[in-house]
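Shown next, in structure tokens, is the structure this report addresses.
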Amino acid sequence: MAAAGGSPSEGTGDDVLRMLRTGTADEHEDVERTLDLMDPGLERPRLAHVLDRLHGFWTVAEAGLDDWAERHPVDARELTWSRRRRADLFADDLHALGAPGSDDLPRLPAVGATEAALGRMYALEGSTLGGTFIDRHLASLPQLADVRLRAFSPYGAQTGAMWHAFRSATRAKVAAGADPAAVVAAARETFAVLAAWCRTPLPSVPG
């Protein structure tokens, strides 16, 4: 996750990104350890398994945010939610690998208030920053030379700008009265569900 700037005056929009970064550090590290996508020996079956789990997770996470956006259209527009979906990109990457995918889906809580949406989006959007490194690593692996994946770096050259826009909108929402503790709680829950969901072992291939 990117570090949040601003002064550490707790409970204001200036420091909510700092609170999110420090408040989700353990959960974020758990996700990274679980995925282990920077492994130089990463093989296609395990990558396909990870992509399948991520596709299922993003499908459910985005459905919850879509429901929230219908009830809070102004907030959704201010957070440019309509530009931030990635579930279809994970499905496309699975297809590029020649992997069928599965219909498995995790369970995530409904997104009620905008604080819950901000926390969930923090986990989803923050992954695009580390995703640029994952994308470059995967592109360097000879075992993946015949595929070009897109889901880990969905914004390309606009990654920094999209993250900056999300940070600014989050700070503005908290400065306007959103509860930063509720935002952090939702982000931690999102990371925790993601790690648990992706911890499922690779299915055995019949001999």
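Letters A, B, ... mark the chains of the structure tokens in the order given; residue numbers begin at 1 per chain; ligand numbers begin at 1, in order shown.
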
Exercise: Arg46 of chain A partners within 12 Å, only C-alpha atoms, chain neighbours under 5 positions left out, as a VMD selection string: chain A and resid 34 to 37 39 41 51 to 53 94 97 99 198 to 205

Polymer residues at most 9 Å from Val193 of chain A, only C-alpha atoms, same-chain spacing of 3 or more positions, as a PyMOL selection string: chain A and resi 57+106-108+188-190+196-198

Sort by chain and increasing residue number a table of all residues of segment 85-148 of chain A within 7 Å of segment 173-185 of chain A, each with its closest pair of atoms and their distance in Å to one decimal, counting only C-alpha atoms, and write it as CSV.
residue,atom,partner,partner_atom,distance
A:Glu115,CA,A:Val183,CA,4.7
A:Ala116,CA,A:Val183,CA,5.7
A:Leu118,CA,A:Val183,CA,5.9
A:Gly119,CA,A:Val183,CA,4.5

For the residues in the current selection, export N, CA, C and O atoms as a tab-separated table (two decimals), in the first residue's frame.
chain	number	residue	atom	x	y	z
A	115	GLU	N	-18.61	4.66	4.58
A	115	GLU	CA	-17.39	4.25	5.27
A	115	GLU	C	-16.99	2.81	4.89
A	115	GLU	O	-15.81	2.52	4.68
A	116	ALA	N	-17.99	1.93	4.81
A	116	ALA	CA	-17.70	0.54	4.43
A	116	ALA	C	-17.20	0.46	3.00
A	116	ALA	O	-16.31	-0.33	2.68
A	118	LEU	N	-15.56	2.85	1.41
A	118	LEU	CA	-14.20	3.39	1.38
A	118	LEU	C	-13.19	2.34	1.85
A	118	LEU	O	-12.12	2.19	1.26
A	119	GLY	N	-13.53	1.61	2.91
A	119	GLY	CA	-12.62	0.59	3.40
A	119	GLY	C	-12.42	-0.53	2.41
A	119	GLY	O	-11.30	-1.00	2.18

Pick from A:Thr59, A:Ser153, A:Ser102, A:Ser82 nearest to Ile134 of chain A, counting only C-alpha atoms: A:Ser153

Under the rule of at most 12 Å, produce a per-residue listing of segment 128-188 of chain A near segment 61-79 of chain A: chain, number, name, the closest pair of atoms, and the distance in Å, as a tab-separated table, using only C-alpha atoms.
residue	atom	partner	partner_atom	distance
A:Met162	CA	A:Leu79	CA	9.8
A:Trp163	CA	A:Leu79	CA	10.5
A:His164	CA	A:Leu79	CA	10.9
A:Ala165	CA	A:Leu79	CA	7.6
A:Phe166	CA	A:Leu79	CA	6.2
A:Arg167	CA	A:Leu79	CA	9.3
A:Ser168	CA	A:Leu79	CA	9.1
A:Ala169	CA	A:Leu79	CA	6.0
A:Thr170	CA	A:Leu79	CA	7.9
A:Arg171	CA	A:Leu79	CA	11.0
A:Ala172	CA	A:Glu78	CA	9.8
A:Lys173	CA	A:Asp75	CA	8.6
A:Ala176	CA	A:Asp75	CA	11.9
A:Ala178	CA	A:Asp75	CA	11.6
A:Ala186	CA	A:Ala61	CA	11.8
A:Ala187	CA	A:Ala61	CA	11.7

Which residue of A:Leu138, A:Ala25, A:Val31, A:Ala91 approaches His49 of chain A most closely, using only C-alpha atoms: A:Ala91

Helix (DSSP H, G or I) residues, from DSSP on the backbone, in segment 9-200 of chain A, as a VMD selection string: chain A and resid 16 to 23 25 to 35 44 to 71 73 to 78 81 to 83 87 to 97 114 to 140 142 to 144 156 to 175 180 to 198

Residue neighbourhood Arg150 of chain A, 9 Å, only C-alpha atoms, exclusion window fewer than 2 positions, as a VMD selection string: chain A and resid 89 to 90 92 to 93 135 148 152 to 156
